[in-house]
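All remarks here apply to the structure that follows.
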Amino acid sequence: MRTKANTWTARALIGASVLFILVMLALPLAMILSEALHAGWSAYWKAISDSYTLKAAHLTLTATAAAVVLNAVFGLAAAWAITRFEFPGKRLLTTIIDIPFAVSPVIAGLVFILTFGRLGWMNPILTAYDIKIVFATPGIVIATVFITFPFVAREIIPVLEARGNDEEQAAALMGAGFFTIFRKITFPHIRWALLYSVILCTARAMGEFGAVSVVSGHLRGKTNTLPLHVEILYNEYQFTAAFAVASLLAAAAIVILVARNIVEYMVKKEDGGHVR
Amino acid sequence: MYVELRGINKHFGAYQASRDVSFGIEEGNLAALLGPSGSGKTTILRMIAGLESPDSGDIFIDGARVNDLPSSKRGIGFVFQNYALFRYMTVFDNIGFGLSVQKTPRAELAARVEELLRLIGMEGMERRYPAQLSGGQKQRVAFARALAPNPRLLLLDEPFAAIDAKVRQGLRSWLRGMISRLGLTSIFVTHDQAEAIEVADEIIVTNAGRVEQKGRPVELYKSPATPFVARFVGDSAPIGDIGRLKGFDGADADVSGVVSGAIRPEFIKIFAPGESVQCESAVEAAVVESVIFRGDALEVSLILKDTRLSARYPLEKETIAAGQKIRALVYCLYAFEGGRTRLLHNACLGRQHDAYSYSI
Ligand SMILES: Nc1ncnc2c1ncn2[C@@H]1O[C@H](COP(=O)(O)OP(=O)(O)OP(=O)(O)O)[C@@H](O)[C@H]1O
Ligand SMILES: [Mg+2]
């Protein structure tokens, strides 16, 4: 049971947390809005309907969609393999999945430059087939996918582990194939966890700056994502425009947050055993 | 033999879960795999089902070696220890799953599911989800789901373990009746010897990955082959040195050195205070430790030569109470020699008697 917050310690702790949240989160958010609307709605509208902004938004959405789809597929496959099979190198795979969380995004970006860039070891092959990765959309997609890879696998592994696999074995024993088992037995169980991880993945992919910044080359209208665009505008002293674009990202973040809470509630409900 | 295992070995890493397991089961029989927890019962069942593959040895079903047959092709119905019902499917879809996987026409599938629902007495519950069923109902659905595709062999892993004692009794006889009515060869796993004795046609006793003995319940009870079976099947009290008991100490009993053993309650006769005693020379003095009323008789716990034994005492005789000094005769006992069990009779009775011909 929680006790009522009437001791001095409790008050002090609550006060400190509220103050911290105000200063670190609420104030900046309010600042973004006020700066964005500083010069009025028409300036705001002009900033966000600017063709470079739209192109940046398009690239961000492309990279995010690619990250979500690829990571959902590979994350599921990895989680399935790790929880359902014994194979050599299983521990290693489990560790490798976490690498994107452990290394700095900038380092990750540099690794891609060193791999696919002009001096990279893959370069001869890439030039032979006329494929551009670094300083082009594929590079941004790859960097985003890399950064957000762990979300799906990390979220699904515990769910699959907690449940065991007798239902799947029972189905296999009756002759059900892999896809039937996945569709009818495994998927219904992990769907909320999957959605939850996809939401986290989306949030991270949309906001990614470091790794993308390294592989982007900052070509306006070509390899600029929204976060990079904000930086460029800001550095050019176009504060209203910079904050207007930032407000787009902030709005997306809030939508994601709400969605996340709803899904979190659904996951809890399901865990409580109240299926349907 | 309809189902036969020959020389099965199975390791999990360094741990050997099955050691040279061999046994056979006749067609139409209900066999029990009985053994303590961790003795490898589930492992054997899973190998027969093809959910686990043996390191060595052969498995035959209906005369054909099935080692290399995938589990779905073995014609096996499996009831899992915790049922493993599909929790996101209705009772109807659970039972019909095997048939729908086999692409059975819808009407035929529905008819079969209806038939099984009637068989398990759960008509009208087909729209429910497993979470909305009681333990006993889940068990019956799991049973129906395993039966739906008409398996040739039914395997059940501790089918009654998760059900409370009252319901279990009814469910046992229900399952027993159902299986004999269907004439379906079945193997079920249990660690409850009373359950195995009551339900099974044959019992296979497992211990530490080995098969200790296979036989009809009464055979296991009357002539346990190994000390383990003597202790595990039926009630018995261990005794450290049988040579200390009168009638088992002489050359007559073929006993040499210290031999341990076990005594069943019905191997002991307690004499009422005034009762005339047969076999005077072999009668022992004992002290009653406790007396429990068991309906048809008294269950007496007594201390005889520092050993606690259990015996029965008929109600119609003059009653006895805790603390009382009494006289008792041990008719026979199991002697454990070199991993085998031998039934020894009290020397004063001669050796041709059947232990079970005495009445208490
Ligand atoms: N997949 C596995 N990996 C490693 N060890 C295993 C595995 N399955 C079983 N074992 C081990 O093999 C031994 C026998 O297990 P098994 O499940 O067959 O026992 P059981 O007789 O069914 O016991 P219980 O009555 O507790 O269910 C146990 O010691 C168990 O720890
Ligand atoms: Mg078991």
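Chain labels follow the order of the structure tokens: the first chain is A, the next B, and so on; residue numbering restarts at 1 in every chain, and ligands are counted from 1 in their shown order.
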
Ligand 1: which residues are within 7 Å, counting only C-alpha atoms and all ligand atoms? Reply as a PDB file with N, CA, C and O atoms, in the first residue's frame.
ATOM      1  N   PHE B  12      20.711 -35.128 -21.488  1.00  0.00           N
ATOM      2  CA  PHE B  12      20.582 -33.675 -21.614  1.00  0.00           C
ATOM      3  C   PHE B  12      21.911 -33.117 -21.142  1.00  0.00           C
ATOM      4  O   PHE B  12      22.171 -33.080 -19.942  1.00  0.00           O
ATOM      5  N   GLY B  13      22.760 -32.740 -22.073  1.00  0.00           N
ATOM      6  CA  GLY B  13      24.108 -32.347 -21.685  1.00  0.00           C
ATOM      7  C   GLY B  13      24.790 -33.540 -21.059  1.00  0.00           C
ATOM      8  O   GLY B  13      24.803 -34.631 -21.627  1.00  0.00           O
ATOM      9  N   TYR B  15      23.816 -34.865 -18.243  1.00  0.00           N
ATOM     10  CA  TYR B  15      22.866 -35.591 -17.416  1.00  0.00           C
ATOM     11  C   TYR B  15      22.145 -36.668 -18.214  1.00  0.00           C
ATOM     12  O   TYR B  15      21.613 -36.406 -19.286  1.00  0.00           O
ATOM     13  N   ALA B  17      19.086 -38.794 -18.694  1.00  0.00           N
ATOM     14  CA  ALA B  17      17.687 -38.828 -18.265  1.00  0.00           C
ATOM     15  C   ALA B  17      17.028 -40.179 -18.524  1.00  0.00           C
ATOM     16  O   ALA B  17      16.051 -40.526 -17.874  1.00  0.00           O
ATOM     17  N   GLY B  35       6.826 -43.089 -11.306  1.00  0.00           N
ATOM     18  CA  GLY B  35       8.148 -42.880 -10.726  1.00  0.00           C
ATOM     19  C   GLY B  35       8.200 -41.553 -10.024  1.00  0.00           C
ATOM     20  O   GLY B  35       7.337 -40.703 -10.220  1.00  0.00           O
ATOM     21  N   PRO B  36       9.214 -41.371  -9.194  1.00  0.00           N
ATOM     22  CA  PRO B  36       9.327 -40.101  -8.475  1.00  0.00           C
ATOM     23  C   PRO B  36       9.678 -38.958  -9.431  1.00  0.00           C
ATOM     24  O   PRO B  36      10.048 -39.197 -10.580  1.00  0.00           O
ATOM     25  N   SER B  37       9.573 -37.756  -8.948  1.00  0.00           N
ATOM     26  CA  SER B  37       9.874 -36.580  -9.753  1.00  0.00           C
ATOM     27  C   SER B  37      11.318 -36.627 -10.247  1.00  0.00           C
ATOM     28  O   SER B  37      12.216 -36.970  -9.495  1.00  0.00           O
ATOM     29  N   GLY B  38      11.506 -36.344 -11.511  1.00  0.00           N
ATOM     30  CA  GLY B  38      12.852 -36.328 -12.080  1.00  0.00           C
ATOM     31  C   GLY B  38      13.347 -37.690 -12.517  1.00  0.00           C
ATOM     32  O   GLY B  38      14.492 -37.840 -12.924  1.00  0.00           O
ATOM     33  N   SER B  39      12.489 -38.717 -12.472  1.00  0.00           N
ATOM     34  CA  SER B  39      12.951 -40.062 -12.818  1.00  0.00           C
ATOM     35  C   SER B  39      12.939 -40.312 -14.322  1.00  0.00           C
ATOM     36  O   SER B  39      13.308 -41.387 -14.772  1.00  0.00           O
ATOM     37  N   GLY B  40      12.470 -39.319 -15.087  1.00  0.00           N
ATOM     38  CA  GLY B  40      12.563 -39.451 -16.540  1.00  0.00           C
ATOM     39  C   GLY B  40      11.287 -39.889 -17.231  1.00  0.00           C
ATOM     40  O   GLY B  40      11.321 -40.312 -18.384  1.00  0.00           O
ATOM     41  N   LYS B  41      10.154 -39.764 -16.559  1.00  0.00           N
ATOM     42  CA  LYS B  41       8.883 -40.197 -17.148  1.00  0.00           C
ATOM     43  C   LYS B  41       8.498 -39.332 -18.332  1.00  0.00           C
ATOM     44  O   LYS B  41       8.176 -39.839 -19.414  1.00  0.00           O
ATOM     45  N   THR B  42       8.520 -38.021 -18.110  1.00  0.00           N
ATOM     46  CA  THR B  42       8.142 -37.112 -19.192  1.00  0.00           C
ATOM     47  C   THR B  42       9.070 -37.281 -20.385  1.00  0.00           C
ATOM     48  O   THR B  42       8.625 -37.274 -21.534  1.00  0.00           O
ATOM     49  N   THR B  43      10.351 -37.472 -20.100  1.00  0.00           N
ATOM     50  CA  THR B  43      11.322 -37.658 -21.185  1.00  0.00           C
ATOM     51  C   THR B  43      10.940 -38.856 -22.045  1.00  0.00           C
ATOM     52  O   THR B  43      10.973 -38.781 -23.275  1.00  0.00           O
ATOM     53  N   ILE B  44      10.556 -39.958 -21.424  1.00  0.00           N
ATOM     54  CA  ILE B  44      10.165 -41.153 -22.178  1.00  0.00           C
ATOM     55  C   ILE B  44       8.934 -40.848 -23.038  1.00  0.00           C
ATOM     56  O   ILE B  44       8.892 -41.159 -24.228  1.00  0.00           O
ATOM     57  N   THR B 190       2.493 -40.621 -14.109  1.00  0.00           N
ATOM     58  CA  THR B 190       2.050 -40.187 -12.788  1.00  0.00           C
ATOM     59  C   THR B 190       3.149 -40.451 -11.768  1.00  0.00           C
ATOM     60  O   THR B 190       4.005 -41.294 -11.977  1.00  0.00           O
ATOM     61  N   HIS B 191       3.138 -39.672 -10.693  1.00  0.00           N
ATOM     62  CA  HIS B 191       4.065 -40.025  -9.615  1.00  0.00           C
ATOM     63  C   HIS B 191       3.287 -40.512  -8.397  1.00  0.00           C
ATOM     64  O   HIS B 191       3.837 -40.700  -7.323  1.00  0.00           O
TER      65      HIS B 191
END

Surrounding residues of Ala252 in chain A excluding itself and chain neighbours under 2 positions, 12 Å, only C-alpha atoms, as a list in words: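 Within the cut-off, the hits are Ala57, Thr60, Leu61, Ile199, Thr202, Ala203, Arg204, Ala205, Met206, Gly207, Leu226, Val245, Ala246, Ser247, Leu248, Leu249, Ala250, Ile254, Val255, Ile256, Leu257, Val258 and Ala259 of chain A.
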
Export C-alpha atoms of the chosen residues as a PDB file, in the first residue's frame?
ATOM      1  CA  ALA A  57       9.759  15.070 -43.110  1.00  0.00           C
ATOM      2  CA  THR A  60      12.325  10.937 -41.694  1.00  0.00           C
ATOM      3  CA  LEU A  61       9.114   9.039 -42.300  1.00  0.00           C
ATOM      4  CA  ILE A 199       6.055   2.447 -30.930  1.00  0.00           C
ATOM      5  CA  THR A 202       9.224   4.749 -34.044  1.00  0.00           C
ATOM      6  CA  ALA A 203       9.952   7.329 -31.382  1.00  0.00           C
ATOM      7  CA  ARG A 204      13.640   6.575 -31.433  1.00  0.00           C
ATOM      8  CA  ALA A 205      13.859   6.417 -35.217  1.00  0.00           C
ATOM      9  CA  MET A 206      12.157   9.783 -35.695  1.00  0.00           C
ATOM     10  CA  GLY A 207      14.384  11.523 -33.212  1.00  0.00           C
ATOM     11  CA  LEU A 226      13.801  16.550 -39.539  1.00  0.00           C
ATOM     12  CA  VAL A 245      10.012  22.247 -37.286  1.00  0.00           C
ATOM     13  CA  ALA A 246      11.000  21.194 -33.767  1.00  0.00           C
ATOM     14  CA  SER A 247       7.377  21.584 -32.716  1.00  0.00           C
ATOM     15  CA  LEU A 248       6.446  19.008 -35.345  1.00  0.00           C
ATOM     16  CA  LEU A 249       8.797  16.507 -33.746  1.00  0.00           C
ATOM     17  CA  ALA A 250       7.482  17.413 -30.306  1.00  0.00           C
ATOM     18  CA  ILE A 254       3.359  13.437 -27.665  1.00  0.00           C
ATOM     19  CA  VAL A 255       1.168  11.354 -29.969  1.00  0.00           C
ATOM     20  CA  ILE A 256       3.585   8.448 -29.567  1.00  0.00           C
ATOM     21  CA  LEU A 257       3.570   8.868 -25.807  1.00  0.00           C
ATOM     22  CA  VAL A 258      -0.204   8.650 -25.650  1.00  0.00           C
ATOM     23  CA  ALA A 259      -0.220   5.602 -27.935  1.00  0.00           C
TER      24      ALA A 259
END

Compute the set of chain B residues within 8 Å of chain A, using only C-alpha atoms, and express it as a PyMOL selection string. chain B and resi 49+51+71-73+76-78+80+84-86+88+97-98+101-102+131

Emit the selected residues as a CSV table (one decimal), in the first residue's frame, including N, CA, C and O atoms.
chain,number,residue,atom,x,y,z
B,49,ALA,N,6.5,-39.5,-28.4
B,49,ALA,CA,5.8,-38.6,-29.2
B,49,ALA,C,6.6,-38.0,-30.3
B,49,ALA,O,6.1,-37.4,-31.2
B,51,LEU,N,8.8,-35.6,-29.6
B,51,LEU,CA,9.1,-34.2,-29.2
B,51,LEU,C,10.6,-34.1,-28.8
B,51,LEU,O,11.1,-33.0,-28.6
B,71,SER,N,7.0,-36.0,-35.4
B,71,SER,CA,6.0,-36.2,-34.4
B,71,SER,C,4.6,-36.1,-35.0
B,71,SER,O,3.7,-36.9,-34.6
B,72,SER,N,4.4,-35.3,-36.0
B,72,SER,CA,3.0,-35.1,-36.5
B,72,SER,C,2.6,-36.3,-37.3
B,72,SER,O,1.4,-36.5,-37.6
B,73,LYS,N,3.5,-37.2,-37.7
B,73,LYS,CA,3.2,-38.3,-38.6
B,73,LYS,C,3.0,-39.6,-37.7
B,73,LYS,O,2.9,-40.7,-38.3
B,76,ILE,N,-0.2,-39.6,-32.9
B,76,ILE,CA,-0.2,-39.6,-31.4
B,76,ILE,C,-1.1,-38.4,-30.9
B,76,ILE,O,-1.1,-37.3,-31.5
B,77,GLY,N,-1.9,-38.7,-29.9
B,77,GLY,CA,-2.6,-37.7,-29.2
B,77,GLY,C,-1.9,-37.4,-27.9
B,77,GLY,O,-1.5,-38.4,-27.2
B,78,PHE,N,-1.6,-36.2,-27.6
B,78,PHE,CA,-0.8,-35.9,-26.4
B,78,PHE,C,-1.5,-34.9,-25.5
B,78,PHE,O,-2.0,-33.9,-26.0
B,80,PHE,N,-0.8,-32.6,-22.5
B,80,PHE,CA,0.3,-32.0,-21.8
B,80,PHE,C,0.1,-31.9,-20.3
B,80,PHE,O,-1.1,-31.8,-19.9
B,84,ALA,N,-1.7,-27.1,-21.9
B,84,ALA,CA,-1.3,-26.4,-23.1
B,84,ALA,C,-2.4,-26.1,-24.1
B,84,ALA,O,-2.2,-26.2,-25.3
B,85,LEU,N,-3.6,-25.8,-23.5
B,85,LEU,CA,-4.7,-25.4,-24.4
B,85,LEU,C,-4.3,-24.1,-25.1
B,85,LEU,O,-3.5,-23.3,-24.6
B,86,PHE,N,-4.8,-23.9,-26.3
B,86,PHE,CA,-4.5,-22.7,-27.1
B,86,PHE,C,-5.4,-21.6,-26.5
B,86,PHE,O,-6.6,-21.5,-26.6
B,88,TYR,N,-5.8,-18.5,-27.0
B,88,TYR,CA,-6.5,-17.5,-27.8
B,88,TYR,C,-7.5,-18.1,-28.8
B,88,TYR,O,-7.9,-17.5,-29.7
B,97,PHE,N,-8.7,-28.1,-33.8
B,97,PHE,CA,-7.4,-27.6,-34.3
B,97,PHE,C,-6.8,-28.7,-35.2
B,97,PHE,O,-6.4,-28.5,-36.4
B,98,GLY,N,-6.6,-29.9,-34.7
B,98,GLY,CA,-5.9,-31.0,-35.4
B,98,GLY,C,-6.6,-31.3,-36.7
B,98,GLY,O,-6.0,-31.5,-37.7
B,101,VAL,N,-6.1,-28.4,-39.2
B,101,VAL,CA,-4.8,-28.5,-39.8
B,101,VAL,C,-4.7,-29.5,-40.9
B,101,VAL,O,-4.0,-29.3,-41.9
B,102,GLN,N,-5.5,-30.6,-40.8
B,102,GLN,CA,-5.5,-31.6,-41.8
B,102,GLN,C,-6.5,-31.3,-42.9
B,102,GLN,O,-6.8,-32.1,-43.7
B,131,ALA,N,-9.4,-19.7,-20.5
B,131,ALA,CA,-9.3,-18.9,-19.2
B,131,ALA,C,-10.6,-19.0,-18.5
B,131,ALA,O,-10.7,-18.7,-17.3

I'd like the interatomic distance between CA of Phe336 in chain B and CA of Thr226 in chain B, to a tenth of an Å. 7.5 Å

From B:Lys138, B:Arg294, B:Arg74, B:Arg46, residue lying nearest ligand 2 [only C-alpha atoms and all ligand atoms]: B:Arg46

Who sits within 7 Å of Arg210 in chain B, only C-alpha atoms, same chain under 2 positions skipped, as a list of chain:residue names: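 Once the nearby chain positions are removed, what remains is B:Ser18, B:Arg19, B:Asp20, B:Val21, B:Thr206, B:Asn207, B:Ala208, B:Glu212.
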